[in-house]
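As stored in work36.txt (compact mmCIF, C-alpha atoms):
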```txt
# COMPACT_ATOMS: atom_id res chain seq x y z
CA MET A 298 -9.85 4.56 15.36
CA LYS A 299 -8.19 3.88 12.02
CA HIS A 300 -9.44 5.25 8.72
CA ILE A 301 -8.71 2.92 5.79
CA LEU A 302 -9.31 3.80 2.15
CA LEU A 303 -10.15 0.89 -0.14
CA PRO A 304 -10.22 1.89 -3.83
CA THR A 305 -12.19 -0.65 -5.84
CA ASP A 306 -13.06 -1.32 -9.45
CA PHE A 307 -15.23 -4.28 -8.37
CA SER A 308 -12.70 -6.78 -9.72
CA GLU A 309 -11.64 -9.90 -7.84
CA ASN A 310 -8.24 -8.31 -7.56
CA SER A 311 -9.63 -5.39 -5.55
CA TRP A 312 -11.86 -7.77 -3.58
CA ASN A 313 -8.75 -9.69 -2.52
CA ALA A 314 -7.32 -6.47 -1.07
CA ILE A 315 -10.56 -5.87 0.85
CA VAL A 316 -10.40 -9.40 2.27
CA TYR A 317 -6.84 -8.73 3.43
CA ALA A 318 -7.91 -5.47 5.10
CA MET A 319 -10.77 -7.14 6.97
CA GLN A 320 -8.43 -9.77 8.37
CA LEU A 321 -5.49 -7.48 9.12
CA PHE A 322 -7.65 -5.11 11.17
CA LYS A 323 -10.24 -7.54 12.53
CA GLU A 324 -9.36 -6.68 16.13
CA GLN A 325 -9.18 -2.93 15.65
CA THR A 326 -11.77 -0.19 15.43
CA CYS A 327 -11.82 1.04 11.83
CA THR A 328 -13.82 3.03 9.34
CA PHE A 329 -13.39 1.64 5.85
CA TYR A 330 -14.06 3.91 2.89
CA LEU A 331 -14.95 2.01 -0.28
CA LEU A 332 -14.12 4.30 -3.19
CA ASN A 333 -15.05 3.76 -6.82
CA THR A 334 -14.01 6.21 -9.51
CA TYR A 335 -15.72 6.21 -12.87
CA THR A 336 -15.63 8.01 -16.19
CA PRO A 337 -18.28 7.68 -18.90
CA VAL A 338 -17.66 5.32 -21.77
CA VAL A 339 -18.67 8.13 -24.12
CA TYR A 340 -16.19 10.80 -23.07
CA HIS A 341 -17.31 13.93 -24.94
CA ALA A 342 -15.78 17.34 -24.30
CA GLU A 343 -19.27 18.61 -23.50
CA TYR A 344 -19.51 16.00 -20.73
CA VAL A 345 -16.30 17.18 -19.15
CA MET A 346 -17.43 20.80 -19.39
CA GLY A 347 -20.40 20.01 -17.18
CA TYR A 348 -23.27 18.95 -19.42
CA PRO A 349 -23.64 15.20 -18.77
CA ALA A 350 -27.42 15.42 -18.39
CA GLN A 351 -28.01 16.00 -22.08
CA PHE A 352 -26.44 12.60 -22.77
CA GLY A 353 -28.51 10.87 -20.10
CA LEU A 354 -25.31 9.36 -18.68
CA GLY A 355 -24.48 11.18 -15.46
CA ASP A 356 -27.15 9.84 -13.13
CA THR A 357 -27.10 6.36 -14.65
CA ILE A 358 -23.36 5.88 -14.26
CA ARG A 359 -23.28 7.37 -10.77
CA ASN A 360 -26.26 5.26 -9.65
CA THR A 361 -24.70 2.10 -11.05
CA SER A 362 -21.45 2.81 -9.22
CA GLN A 363 -23.26 3.52 -5.96
CA GLN A 364 -25.38 0.37 -6.29
CA GLN A 365 -22.29 -1.76 -6.85
CA LEU A 366 -20.66 -0.21 -3.77
CA GLU A 367 -23.70 -1.07 -1.67
CA GLU A 368 -23.61 -4.62 -3.02
CA LEU A 369 -19.93 -4.77 -2.12
CA VAL A 370 -20.65 -3.82 1.49
CA LEU A 371 -23.25 -6.60 1.56
CA ARG A 372 -20.69 -9.03 0.13
CA VAL A 373 -18.27 -8.11 2.93
CA SER A 374 -20.94 -8.66 5.59
CA ASN A 375 -21.79 -12.05 4.07
CA ALA A 376 -18.15 -13.12 3.85
CA PHE A 377 -17.24 -12.13 7.41
CA GLU A 378 -19.02 -12.19 10.72
CA VAL A 379 -20.49 -8.81 11.58
CA ASN A 380 -17.72 -6.91 13.34
CA PRO A 381 -19.00 -4.16 15.65
CA LYS A 382 -15.57 -2.52 15.43
CA HIS A 383 -15.94 -1.97 11.68
CA THR A 384 -18.00 0.66 9.91
CA PHE A 385 -18.24 1.28 6.18
CA GLU A 386 -18.76 4.36 4.06
CA THR A 387 -19.05 4.41 0.28
CA ALA A 388 -18.09 7.02 -2.27
CA ALA A 389 -18.74 7.04 -6.03
CA ARG A 390 -16.79 9.75 -7.80
CA PHE A 391 -16.67 10.95 -11.41
CA ASN A 392 -12.91 11.28 -11.64
CA THR A 393 -9.73 9.38 -12.37
CA LEU A 394 -8.13 7.47 -9.52
CA VAL A 395 -5.11 9.54 -8.43
CA PRO A 396 -6.79 13.00 -8.43
CA CYS A 397 -9.79 11.50 -6.68
CA ILE A 398 -7.71 9.94 -3.91
CA SER A 399 -5.82 13.20 -3.52
CA GLU A 400 -9.08 15.11 -3.06
CA PHE A 401 -10.42 12.42 -0.74
CA LEU A 402 -7.42 12.76 1.55
CA GLU A 403 -8.11 16.47 1.90
CA THR A 404 -11.48 15.79 3.53
CA GLN A 405 -10.95 12.48 5.34
CA PRO A 406 -8.26 11.51 7.90
CA ILE A 407 -7.00 8.49 6.00
CA ASP A 408 -4.28 6.47 7.75
CA LEU A 409 -3.71 3.86 5.05
CA ILE A 410 -4.70 3.02 1.47
CA ILE A 411 -5.06 -0.68 0.70
CA MET A 412 -5.40 -1.70 -2.93
CA GLY A 413 -4.95 -4.77 -5.09
CA THR A 414 -2.23 -5.13 -7.67
CA LYS A 415 -1.73 -7.80 -10.29
CA GLY A 416 2.03 -7.64 -10.02
CA ALA A 417 4.48 -9.29 -12.36
CA THR A 418 4.03 -12.63 -14.07
CA GLY A 419 7.27 -12.54 -16.03
CA ALA A 420 10.68 -10.95 -15.70
CA GLN A 421 9.97 -8.56 -18.56
CA GLU A 422 6.69 -7.28 -17.11
CA VAL A 423 6.18 -4.34 -14.78
CA LEU A 424 6.16 -5.08 -11.08
CA PHE A 425 2.82 -3.45 -10.37
CA GLY A 426 -0.24 -2.43 -12.26
CA SER A 427 -0.03 1.18 -13.40
CA ASN A 428 -2.69 2.38 -10.96
CA THR A 429 -0.69 1.14 -7.98
CA VAL A 430 2.52 2.77 -9.19
CA HIS A 431 0.75 6.06 -9.85
CA VAL A 432 -0.88 6.13 -6.42
CA ILE A 433 2.37 5.28 -4.63
CA ASN A 434 4.26 7.90 -6.61
CA ALA A 435 1.72 10.72 -6.32
CA ILE A 436 -0.02 10.33 -2.97
CA SER A 437 1.53 11.29 0.38
CA CYS A 438 -0.09 8.50 2.34
CA SER A 439 0.99 4.98 3.26
CA VAL A 440 -0.10 2.47 0.62
CA LEU A 441 -0.43 -1.27 1.15
CA ALA A 442 -0.46 -3.18 -2.16
CA ILE A 443 -1.87 -6.71 -2.09
CA PRO A 444 -0.85 -9.06 -4.93
CA SER A 445 -3.68 -10.85 -6.69
CA ASN A 446 -4.50 -14.31 -5.33
CA PHE A 447 -2.49 -13.68 -2.14
CA LYS A 448 -4.07 -15.62 0.70
CA TYR A 449 -3.97 -13.78 3.97
CA LYS A 450 -1.11 -14.51 6.34
CA ALA A 451 -0.55 -12.42 9.43
CA PRO A 452 2.58 -10.24 9.00
CA TYR A 453 4.73 -12.05 11.55
CA GLU A 454 7.92 -11.62 9.53
CA ILE A 455 8.45 -8.16 8.01
CA LEU A 456 11.29 -7.20 5.67
CA PHE A 457 12.32 -3.54 5.74
CA PRO A 458 15.06 -2.77 3.18
CA THR A 459 16.57 0.68 3.67
CA ASP A 460 19.59 2.72 2.66
CA LEU A 461 19.45 4.37 6.12
CA LYS A 462 19.71 7.80 4.52
CA VAL A 463 16.37 9.07 5.81
CA ASN A 464 16.00 10.36 9.34
CA HIS A 465 13.22 8.50 11.11
CA GLN A 466 11.62 11.80 12.07
CA HIS A 467 10.85 12.26 8.37
CA ILE A 468 9.08 8.90 8.05
CA GLU A 469 5.35 8.34 8.61
CA ALA A 470 5.92 5.06 10.46
CA LYS A 471 2.89 5.05 12.77
CA ILE A 472 0.88 2.55 10.73
CA LEU A 473 3.85 0.15 10.56
CA GLN A 474 4.38 0.45 14.31
CA GLN A 475 0.73 -0.43 14.90
CA ILE A 476 0.91 -3.43 12.58
CA THR A 477 4.04 -4.80 14.26
CA LEU A 478 2.63 -4.38 17.77
CA SER A 479 -0.77 -5.91 17.04
CA ASN A 480 0.78 -8.91 15.26
CA HIS A 481 3.85 -9.37 17.48
CA SER A 482 5.90 -9.07 14.32
CA ARG A 483 9.62 -9.47 13.86
CA VAL A 484 11.19 -6.78 11.65
CA HIS A 485 14.21 -7.56 9.49
CA LEU A 486 15.99 -4.28 8.83
CA MET A 487 18.08 -4.93 5.73
CA HIS A 488 20.84 -2.70 4.42
CA VAL A 489 22.29 -3.61 1.04
CA SER A 490 25.78 -2.16 1.01
CA THR A 491 28.59 -1.85 -1.50
CA GLY A 492 31.07 -3.10 1.03
CA ASN A 493 31.55 0.22 2.80
CA ALA A 494 30.80 0.61 6.49
CA LEU A 495 27.84 2.71 7.63
CA ASN A 496 28.67 6.40 7.92
CA ASP A 497 27.76 8.47 10.98
CA VAL A 498 24.44 9.63 9.53
CA GLN A 499 23.40 6.08 8.68
CA LYS A 500 24.39 4.85 12.13
CA GLU A 501 22.29 7.56 13.75
CA ASN A 502 19.30 6.79 11.51
CA LYS A 503 19.63 3.10 12.36
CA LEU A 504 19.55 3.88 16.09
CA GLN A 505 16.46 6.04 15.63
CA LEU A 506 14.65 3.28 13.76
CA GLU A 507 15.51 0.73 16.42
CA SER A 508 14.37 3.14 19.12
CA SER A 509 11.01 3.74 17.43
CA PHE A 510 10.39 -0.01 17.35
CA GLU A 511 11.70 -0.64 20.86
CA ASN A 512 8.77 -2.93 21.66
CA THR A 513 9.34 -4.98 18.51
CA VAL A 514 11.97 -7.59 17.77
CA MET A 515 14.23 -6.01 15.13
CA LEU A 516 17.09 -7.82 13.43
CA PHE A 517 19.68 -5.98 11.35
CA HIS A 518 21.09 -7.55 8.19
CA ASP A 519 23.97 -6.00 6.27
CA VAL A 520 23.94 -7.59 2.82
CA THR A 521 26.83 -7.30 0.36
CA ASP A 522 27.59 -8.57 -3.14
CA MET A 523 23.91 -8.60 -4.06
CA SER A 524 21.50 -6.24 -5.78
CA ILE A 525 18.50 -4.96 -3.86
CA PRO A 526 15.98 -7.03 -5.88
CA GLU A 527 18.12 -10.15 -5.41
CA ALA A 528 18.38 -9.55 -1.67
CA ILE A 529 14.62 -9.04 -1.35
CA ASP A 530 13.92 -12.14 -3.39
CA LYS A 531 16.25 -14.24 -1.24
CA PHE A 532 14.76 -12.97 2.01
CA GLN A 533 11.23 -13.79 0.90
CA THR A 534 12.26 -17.43 0.75
CA THR A 535 14.81 -17.72 3.54
CA TYR A 536 12.75 -16.01 6.24
CA GLU A 537 9.23 -16.64 4.93
CA ILE A 538 8.57 -12.93 4.81
CA ASN A 539 4.88 -11.96 5.08
CA LEU A 540 5.18 -8.23 4.42
CA LEU A 541 7.65 -6.06 2.52
CA VAL A 542 8.06 -2.46 3.68
CA MET A 543 9.91 0.44 2.07
CA VAL A 544 10.15 4.19 2.55
CA ASN A 545 9.34 6.18 -0.56
CA ASN A 546 12.35 8.45 -0.38
CA LYS A 547 12.01 10.11 -3.75
CA HIS A 548 15.12 10.97 -5.74
CA SER A 549 17.01 8.28 -3.85
CA PHE A 550 16.86 4.59 -3.05
CA PHE A 551 13.17 3.93 -3.62
CA GLU A 552 12.71 5.99 -6.78
CA ASN A 553 15.81 4.50 -8.38
CA LEU A 554 14.44 1.04 -7.70
CA PHE A 555 10.84 1.39 -8.80
CA PHE A 556 10.24 4.46 -10.92
CA LYS A 557 12.93 4.32 -13.56
CA ASN A 558 13.93 1.70 -16.10
CA THR A 559 14.26 -1.02 -13.46
CA VAL A 560 10.48 -1.13 -13.18
CA HIS A 561 10.63 -3.12 -16.42
CA GLN A 562 13.71 -5.10 -15.49
CA ILE A 563 13.29 -5.77 -11.80
CA GLY A 564 13.88 -9.50 -12.14
CA PHE A 565 11.90 -10.64 -9.12
CA HIS A 566 8.24 -11.29 -8.53
CA LEU A 567 6.43 -9.64 -5.69
CA ASN A 568 4.15 -12.26 -4.20
CA ILE A 569 3.66 -10.76 -0.75
CA PRO A 570 1.94 -7.56 0.44
CA PHE A 571 4.01 -4.40 0.02
CA LEU A 572 3.68 -1.43 2.37
CA VAL A 573 5.06 1.86 1.07
CA ILE A 574 5.60 4.57 3.67
CA PRO A 575 5.98 8.17 2.47
CA SER A 576 8.92 10.29 3.50
CA ASN A 577 8.26 13.87 4.55
CA LYS A 578 11.71 14.92 3.41
```
Hey, can you dump this file as structure tokens for me?
Amino acid sequence: MKHILLPTDFSENSWNAIVYAMQLFKEQTCTFYLLNTYTPVVYHAEYVMGYPAQFGLGDTIRNTSQQQLEELVLRVSNAFEVNPKHTFETAARFNTLVPCISEFLETQPIDLIIMGTKGATGAQEVLFGSNTVHVINAISCSVLAIPSNFKYKAPYEILFPTDLKVNHQHIEAKILQQITLSNHSRVHLMHVSTGNALNDVQKENKLQLESSFENTVMLFHDVTDMSIPEAIDKFQTTYEINLLVMVNNKHSFFENLFFKNTVHQIGFHLNIPFLVIPSNK
């Protein structure tokens, strides 16, 4: 059984991510956790210190959140045929998103977080909404970000850019392996090089990746004379990529790409789902 966390703010953007999750895992036994975090509009210090009752806000806000979660479960059941393989649990929490997810992961065996993201609409805008970036950066769990208005397509063609500097044993790749097997996916392993040949460590890491996906068609692409964003952008068009995957190897390839100044200058528009796999290293 898979355990999928679905953070929601009840927007259409988060609903789109839920729709994607229902379709991606329609053939698999799953428990979906619908999580809504809330903070009071009137945010007094006394409230934070544990005296919300005197304002008459605590129960009202919590009840409203819980009611909306129950309505959301009903909306899912109305939008899709009842799936006996799927069960739903709801959680309304007085907290901000990242600390709440972190606490949630301590008590529940979550395999994957799926959340909506508005993405970029112009070259000068950030690639993701701030919530998505914060969750990816702070949480040690695979995160699947679904762009707003993305209409579900099975992930038949998967692009996996990598610098091949991370040993596969340090990658939480189980969820990706399950997705590729259940969808008969083809994985494009893309290395953007500076013209130098792979060193011994990179060659060994490449072999380990290929071995871990031995039941999946994997194609290796060595791209030169192109930046990583340019290469990703080109692949999305050339190969009709349905899913982009990266390893969050902090202080290296991934962080340099997404968590520094390039987040405001990335120059390409993510319009496909993006799976971020944490590195244990």
| request: Give as a list in words every residue, naming chains and numbers as the document does, that has an atom within 8 Å of (22.0, -6.3, 5.4), counting all atoms listed in the file. | output: Leu486, Met487, His488, Val489, Ser490, Phe517, His518, Asp519, Val520 and Thr521 of chain A
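Between atom CA of A:Lys531 and atom CA of A:Val440 the interatomic distance comes to 23.5 Å.
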| query | Near stretch 330-332 of chain A, counting all atoms listed in the file, which residues have an atom at most 12 Å away, once you skip same-chain residues fewer than 3 positions from it, shown as a PyMOL selection string? | reply | chain A and resi 299-307+311-312+314-315+318+327+335+362-363+365-370+373+383-395+397-398+400-402+405-412
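Across the model, the gap from atom CA of A:Glu501 to atom CA of A:Ser524 is 23.9 Å.
Here the question is which of A:Met319, A:Leu478, A:Val379, A:Met543 gets nearest to A:Val463 using only C-alpha atoms, and that residue is A:Met543.
Each of A:Thr404, A:Asn546, A:Thr534, A:Asn333 was compared to A:Ser308 using all atoms listed in the file, and A:Asn333 turns out to be the nearest.
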| task | Just the residues within 12 Å of A:Leu516, please, counting all atoms listed in the file, with nothing from its chain fewer than 3 positions along; format it as a ChimeraX atom specification. | result | /A:454-458,482-488,503,506-507,510-511,513,519,536
Generate a file of the selected residues that holds C-alpha atoms, formatted as a PDB file, keeping the file's coordinate frame.
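Wrote result-v2.pdb, looks like this:
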```
ATOM      1  CA  GLU A 454       7.920 -11.620   9.530  1.00  0.00           C
ATOM      2  CA  ILE A 455       8.450  -8.160   8.010  1.00  0.00           C
ATOM      3  CA  LEU A 456      11.290  -7.200   5.670  1.00  0.00           C
ATOM      4  CA  PHE A 457      12.320  -3.540   5.740  1.00  0.00           C
ATOM      5  CA  PRO A 458      15.060  -2.770   3.180  1.00  0.00           C
ATOM      6  CA  SER A 482       5.900  -9.070  14.320  1.00  0.00           C
ATOM      7  CA  ARG A 483       9.620  -9.470  13.860  1.00  0.00           C
ATOM      8  CA  VAL A 484      11.190  -6.780  11.650  1.00  0.00           C
ATOM      9  CA  HIS A 485      14.210  -7.560   9.490  1.00  0.00           C
ATOM     10  CA  LEU A 486      15.990  -4.280   8.830  1.00  0.00           C
ATOM     11  CA  MET A 487      18.080  -4.930   5.730  1.00  0.00           C
ATOM     12  CA  HIS A 488      20.840  -2.700   4.420  1.00  0.00           C
ATOM     13  CA  LYS A 503      19.630   3.100  12.360  1.00  0.00           C
ATOM     14  CA  LEU A 506      14.650   3.280  13.760  1.00  0.00           C
ATOM     15  CA  GLU A 507      15.510   0.730  16.420  1.00  0.00           C
ATOM     16  CA  PHE A 510      10.390  -0.010  17.350  1.00  0.00           C
ATOM     17  CA  GLU A 511      11.700  -0.640  20.860  1.00  0.00           C
ATOM     18  CA  THR A 513       9.340  -4.980  18.510  1.00  0.00           C
ATOM     19  CA  ASP A 519      23.970  -6.000   6.270  1.00  0.00           C
ATOM     20  CA  TYR A 536      12.750 -16.010   6.240  1.00  0.00           C
TER      21      TYR A 536
END
```
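Reported to one decimal place, the separation of atom CA of A:Cys438 from atom CA of A:Ser399 is 9.4 Å.
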| message | Under the rule that all atoms listed in the file are counted, which of A:Ile476, A:Val542, A:Leu371, A:Leu495 is the nearest residue to A:Tyr453? | response | A:Ile476
| message | Between A:Met298, A:Ile358, A:Met515, A:Val316, which residue has the minimum interatomic distance to A:Gln474, considering all atoms listed in the file? | response | A:Met515
| task | Extract, using all atoms listed in the file, all DNA, RNA and protein residues at most 7 Å from A:Ile574, discarding same-chain residues fewer than 6 positions from it, and format them as a list in words. | result | Ser439, Val440, Glu469, Ala470, Met543, Val544 and Asn545 of chain A
| query | Neighbours of stretch 446-450 of chain A within 9 Å (all atoms listed in the file; same-chain residues fewer than 2 positions away dropped), as an MDAnalysis selection string? | reply | chainID A and resid 309:310 313:314 316:317 320:321 415 443:444 452:453 539 568:570
Starting from the block above, write stretch 368-381 of chain A out to a file with N, CA, C and O atoms, as a PDB file, in the first residue's frame, please.
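Okay, part-v5.pdb is ready:
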```pdb
ATOM      1  N   GLU A 368     -15.880  18.039   2.520  1.00  0.00           N
ATOM      2  CA  GLU A 368     -16.500  18.375   1.243  1.00  0.00           C
ATOM      3  C   GLU A 368     -15.575  18.022   0.085  1.00  0.00           C
ATOM      4  O   GLU A 368     -16.027  17.633  -0.995  1.00  0.00           O
ATOM      5  N   LEU A 369     -14.274  18.141   0.325  1.00  0.00           N
ATOM      6  CA  LEU A 369     -13.298  17.802  -0.709  1.00  0.00           C
ATOM      7  C   LEU A 369     -13.301  16.300  -0.988  1.00  0.00           C
ATOM      8  O   LEU A 369     -13.220  15.879  -2.153  1.00  0.00           O
ATOM      9  N   VAL A 370     -13.392  15.492   0.055  1.00  0.00           N
ATOM     10  CA  VAL A 370     -13.489  14.043  -0.139  1.00  0.00           C
ATOM     11  C   VAL A 370     -14.737  13.706  -0.952  1.00  0.00           C
ATOM     12  O   VAL A 370     -14.704  12.853  -1.860  1.00  0.00           O
ATOM     13  N   LEU A 371     -15.844  14.392  -0.652  1.00  0.00           N
ATOM     14  CA  LEU A 371     -17.082  14.177  -1.400  1.00  0.00           C
ATOM     15  C   LEU A 371     -16.905  14.585  -2.862  1.00  0.00           C
ATOM     16  O   LEU A 371     -17.399  13.905  -3.773  1.00  0.00           O
ATOM     17  N   ARG A 372     -16.188  15.677  -3.092  1.00  0.00           N
ATOM     18  CA  ARG A 372     -15.940  16.134  -4.460  1.00  0.00           C
ATOM     19  C   ARG A 372     -15.137  15.083  -5.237  1.00  0.00           C
ATOM     20  O   ARG A 372     -15.409  14.829  -6.412  1.00  0.00           O
ATOM     21  N   VAL A 373     -14.150  14.482  -4.565  1.00  0.00           N
ATOM     22  CA  VAL A 373     -13.362  13.432  -5.216  1.00  0.00           C
ATOM     23  C   VAL A 373     -14.246  12.249  -5.582  1.00  0.00           C
ATOM     24  O   VAL A 373     -14.172  11.729  -6.704  1.00  0.00           O
ATOM     25  N   SER A 374     -15.103  11.830  -4.661  1.00  0.00           N
ATOM     26  CA  SER A 374     -15.971  10.677  -4.920  1.00  0.00           C
ATOM     27  C   SER A 374     -16.964  10.966  -6.032  1.00  0.00           C
ATOM     28  O   SER A 374     -17.350  10.057  -6.783  1.00  0.00           O
ATOM     29  N   ASN A 375     -17.373  12.226  -6.172  1.00  0.00           N
ATOM     30  CA  ASN A 375     -18.295  12.599  -7.245  1.00  0.00           C
ATOM     31  C   ASN A 375     -17.587  12.708  -8.595  1.00  0.00           C
ATOM     32  O   ASN A 375     -18.187  12.466  -9.649  1.00  0.00           O
ATOM     33  N   ALA A 376     -16.311  13.061  -8.561  1.00  0.00           N
ATOM     34  CA  ALA A 376     -15.561  13.254  -9.808  1.00  0.00           C
ATOM     35  C   ALA A 376     -15.040  11.940 -10.380  1.00  0.00           C
ATOM     36  O   ALA A 376     -14.824  11.829 -11.586  1.00  0.00           O
ATOM     37  N   PHE A 377     -14.836  10.948  -9.505  1.00  0.00           N
ATOM     38  CA  PHE A 377     -14.292   9.668  -9.939  1.00  0.00           C
ATOM     39  C   PHE A 377     -15.182   8.537  -9.442  1.00  0.00           C
ATOM     40  O   PHE A 377     -15.855   8.662  -8.419  1.00  0.00           O
ATOM     41  N   GLU A 378     -15.163   7.443 -10.187  1.00  0.00           N
ATOM     42  CA  GLU A 378     -15.888   6.272  -9.721  1.00  0.00           C
ATOM     43  C   GLU A 378     -15.283   5.812  -8.399  1.00  0.00           C
ATOM     44  O   GLU A 378     -14.077   5.917  -8.178  1.00  0.00           O
ATOM     45  N   VAL A 379     -16.114   5.300  -7.530  1.00  0.00           N
ATOM     46  CA  VAL A 379     -15.625   4.827  -6.242  1.00  0.00           C
ATOM     47  C   VAL A 379     -14.574   3.742  -6.474  1.00  0.00           C
ATOM     48  O   VAL A 379     -14.816   2.760  -7.178  1.00  0.00           O
ATOM     49  N   ASN A 380     -13.397   3.957  -5.933  1.00  0.00           N
ATOM     50  CA  ASN A 380     -12.290   3.031  -6.125  1.00  0.00           C
ATOM     51  C   ASN A 380     -12.041   2.288  -4.809  1.00  0.00           C
ATOM     52  O   ASN A 380     -11.590   2.883  -3.833  1.00  0.00           O
ATOM     53  N   PRO A 381     -12.326   1.004  -4.762  1.00  0.00           N
ATOM     54  CA  PRO A 381     -12.146   0.253  -3.513  1.00  0.00           C
ATOM     55  C   PRO A 381     -10.691   0.180  -3.062  1.00  0.00           C
ATOM     56  O   PRO A 381     -10.416  -0.158  -1.907  1.00  0.00           O
TER      57      PRO A 381
END
```
